[in-house]
Every structure is written in structure tokens, then in C-alpha cells.
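Undergrad: One structure coming up, written as C-alpha cells, with questions to follow.
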Amino acid sequence: MPGQRKRRRQQQDAGRQAAARTSPDAGRWEVLLETQDESEWRAHLRRLHGAEGRIDWAMTRIDTLCGRLMQPTTYRLSLFVPDPARASEHDSLDH
């Protein structure tokens, strides 16, 4: 298909950029919500999607920790928080 190689390359570039922005030395993942109640999980996500501009979804991570017989399934929403020292270094390099 025409353009498929270009799209694939753009997706790979975006993935590399996201990995670089969320590297361990660039900041930390902060848990916003962790629950074992699926209905609470879905309601929370709906509220966040409805509040436009509240979250940068490119900097979020959604984990579903699958449970077994002894442990229930856990749902976790995390937001990447950049290291302030590194962010100020990046800003000074831009100017």
C-alpha cells in the first residue's frame, strides 16, 4: 500500500521519542489510581477523558495486573512526572 513505509517509520519514531521522554533518568511514574473494582476503574477513565486538557495521554501508562485464583485483577493508571532538574536543563538548552 502506498505510504505504508512512511507511516511505519513515523510510528517507530514516535515510539522512540516517547521512550526517550519517559526514560528512568528523565523522571518517575506516579500512580494516579489503583483499584480492583473494574466499574470504578472505567468510571474514573470516563471522567478523565471528559475533562479536556487535564491529562497528557501520551505521558500516561495503563496497567492491568491480571489476577489468578488467589489475587484479584488490579487496574493501575500512572502518569509520568518529569524530573524538575532535568526539565530545567532541557529548557536552558532550548534558549
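If you're wondering about the labels, chains in the C-alpha cells are A, B, ... by order shown, residues count from 1 in each chain, ligands from 1 in order shown.
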As number ranges by chain, list the residues of chain A assigned to strand (DSSP E) by DSSP on the backbone atoms of this structure.

TA: A: 27-35, 60-65, 74-82

Undergrad: Those same residues - N, CA, C and O atoms - I'd like them written as an mmCIF file, in the first residue's frame.

TA:
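File written: result.cif
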data_model
loop_
_atom_site.group_PDB
_atom_site.id
_atom_site.type_symbol
_atom_site.label_atom_id
_atom_site.label_comp_id
_atom_site.auth_asym_id
_atom_site.auth_seq_id
_atom_site.Cartn_x
_atom_site.Cartn_y
_atom_site.Cartn_z
ATOM 1 N N GLY A 27 12.651 11.105 34.863
ATOM 2 C CA GLY A 27 11.588 11.340 35.830
ATOM 3 C C GLY A 27 11.108 10.036 36.437
ATOM 4 O O GLY A 27 11.837 9.049 36.467
ATOM 5 N N ARG A 28 9.843 10.056 36.906
ATOM 6 C CA ARG A 28 9.290 8.858 37.558
ATOM 7 C C ARG A 28 7.811 8.704 37.195
ATOM 8 O O ARG A 28 7.167 9.661 36.775
ATOM 9 N N TRP A 29 7.321 7.481 37.357
ATOM 10 C CA TRP A 29 5.903 7.194 37.141
ATOM 11 C C TRP A 29 5.185 7.354 38.473
ATOM 12 O O TRP A 29 5.569 6.766 39.473
ATOM 13 N N GLU A 30 4.124 8.154 38.486
ATOM 14 C CA GLU A 30 3.335 8.393 39.685
ATOM 15 C C GLU A 30 1.955 7.766 39.486
ATOM 16 O O GLU A 30 1.266 8.056 38.513
ATOM 17 N N VAL A 31 1.553 6.917 40.418
ATOM 18 C CA VAL A 31 0.266 6.221 40.313
ATOM 19 C C VAL A 31 -0.863 7.194 40.645
ATOM 20 O O VAL A 31 -0.874 7.814 41.715
ATOM 21 N N LEU A 32 -1.799 7.357 39.716
ATOM 22 C CA LEU A 32 -2.965 8.212 39.940
ATOM 23 C C LEU A 32 -4.123 7.430 40.539
ATOM 24 O O LEU A 32 -4.864 7.943 41.361
ATOM 25 N N LEU A 33 -4.277 6.198 40.084
ATOM 26 C CA LEU A 33 -5.379 5.360 40.570
ATOM 27 C C LEU A 33 -4.958 3.907 40.499
ATOM 28 O O LEU A 33 -4.372 3.472 39.505
ATOM 29 N N GLU A 34 -5.245 3.192 41.563
ATOM 30 C CA GLU A 34 -5.046 1.738 41.570
ATOM 31 C C GLU A 34 -6.247 1.133 42.280
ATOM 32 O O GLU A 34 -6.545 1.490 43.420
ATOM 33 N N THR A 35 -6.946 0.263 41.580
ATOM 34 C CA THR A 35 -8.155 -0.326 42.145
ATOM 35 C C THR A 35 -8.338 -1.751 41.640
ATOM 36 O O THR A 35 -7.774 -2.128 40.613
ATOM 37 N N THR A 60 0.915 8.876 29.858
ATOM 38 C CA THR A 60 0.253 8.001 30.821
ATOM 39 C C THR A 60 0.558 6.546 30.514
ATOM 40 O O THR A 60 0.940 6.193 29.406
ATOM 41 N N ARG A 61 0.385 5.729 31.524
ATOM 42 C CA ARG A 61 0.567 4.294 31.360
ATOM 43 C C ARG A 61 -0.604 3.607 32.057
ATOM 44 O O ARG A 61 -0.932 3.906 33.199
ATOM 45 N N ILE A 62 -1.237 2.699 31.348
ATOM 46 C CA ILE A 62 -2.351 1.931 31.900
ATOM 47 C C ILE A 62 -1.897 0.488 32.041
ATOM 48 O O ILE A 62 -1.502 -0.134 31.062
ATOM 49 N N ASP A 63 -1.932 -0.013 33.261
ATOM 50 C CA ASP A 63 -1.522 -1.386 33.541
ATOM 51 C C ASP A 63 -2.719 -2.177 34.040
ATOM 52 O O ASP A 63 -3.492 -1.697 34.865
ATOM 53 N N THR A 64 -2.861 -3.383 33.537
ATOM 54 C CA THR A 64 -3.842 -4.326 34.055
ATOM 55 C C THR A 64 -3.056 -5.515 34.566
ATOM 56 O O THR A 64 -2.485 -6.276 33.783
ATOM 57 N N LEU A 65 -2.993 -5.631 35.875
ATOM 58 C CA LEU A 65 -2.249 -6.717 36.506
ATOM 59 C C LEU A 65 -3.221 -7.879 36.686
ATOM 60 O O LEU A 65 -4.096 -7.850 37.553
ATOM 61 N N THR A 74 -5.933 -6.232 39.191
ATOM 62 C CA THR A 74 -5.726 -4.862 39.642
ATOM 63 C C THR A 74 -5.533 -3.968 38.426
ATOM 64 O O THR A 74 -4.834 -4.325 37.489
ATOM 65 N N TYR A 75 -6.178 -2.801 38.457
ATOM 66 C CA TYR A 75 -6.087 -1.819 37.381
ATOM 67 C C TYR A 75 -5.308 -0.624 37.914
ATOM 68 O O TYR A 75 -5.584 -0.122 39.004
ATOM 69 N N ARG A 76 -4.329 -0.136 37.126
ATOM 70 C CA ARG A 76 -3.481 0.962 37.584
ATOM 71 C C ARG A 76 -3.297 1.981 36.463
ATOM 72 O O ARG A 76 -2.994 1.640 35.337
ATOM 73 N N LEU A 77 -3.491 3.255 36.821
ATOM 74 C CA LEU A 77 -3.242 4.372 35.909
ATOM 75 C C LEU A 77 -2.098 5.182 36.487
ATOM 76 O O LEU A 77 -2.163 5.638 37.630
ATOM 77 N N SER A 78 -1.035 5.345 35.689
ATOM 78 C CA SER A 78 0.142 6.091 36.128
ATOM 79 C C SER A 78 0.413 7.238 35.170
ATOM 80 O O SER A 78 0.170 7.133 33.977
ATOM 81 N N LEU A 79 0.952 8.320 35.713
ATOM 82 C CA LEU A 79 1.321 9.492 34.929
ATOM 83 C C LEU A 79 2.810 9.734 35.108
ATOM 84 O O LEU A 79 3.326 9.664 36.224
ATOM 85 N N PHE A 80 3.501 10.009 34.008
ATOM 86 C CA PHE A 80 4.932 10.262 34.080
ATOM 87 C C PHE A 80 5.159 11.694 34.539
ATOM 88 O O PHE A 80 4.634 12.639 33.967
ATOM 89 N N VAL A 81 5.948 11.839 35.610
ATOM 90 C CA VAL A 81 6.280 13.143 36.162
ATOM 91 C C VAL A 81 7.755 13.403 35.873
ATOM 92 O O VAL A 81 8.619 12.699 36.398
ATOM 93 N N PRO A 82 8.064 14.397 35.028
ATOM 94 C CA PRO A 82 9.463 14.668 34.703
ATOM 95 C C PRO A 82 10.228 15.181 35.910
ATOM 96 O O PRO A 82 9.670 15.856 36.779
#

Undergrad: Among chain A, which ones does DSSP place in helix (DSSP H, G or I), written as a ChimeraX atom specification?

TA: /A:4-21,24-26,38-50,57-59,84-94

Undergrad: Interatomic distance between atom CA of Pro84 of chain A and atom CA of Ala18 of chain A?

TA: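 That distance, rounded to one decimal, is 17.9 Å.
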
Undergrad: Interatomic distance between atom CA of Lys6 of chain A and atom CA of Trp57 of chain A?

TA: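 Straight-line distance from atom CA of Lys6 of chain A to atom CA of Trp57 of chain A works out to 23.8 Å.
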
Undergrad: Using only C-alpha atoms, determine which residues lie at most 10 Å from Pro72 of chain A, disregarding the query and same-chain residues fewer than 4 positions distant; provide the list as a PyMOL selection string.

TA: chain A and resi 36-37+65-68

Undergrad: With C-alpha atoms kept, could you save the residues just selected as a compact mmCIF listing (two decimals), in the first residue's frame?

TA:
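The result, stored in result09.txt:
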# COMPACT_ATOMS: atom_id res chain seq x y z
CA GLN A 36 -9.50 -3.85 41.93
CA ASP A 37 -13.02 -2.65 41.09
CA LEU A 65 -2.25 -6.72 36.51
CA CYS A 66 -4.04 -9.97 35.79
CA GLY A 67 -5.10 -11.88 38.83
CA ARG A 68 -5.38 -15.58 39.36
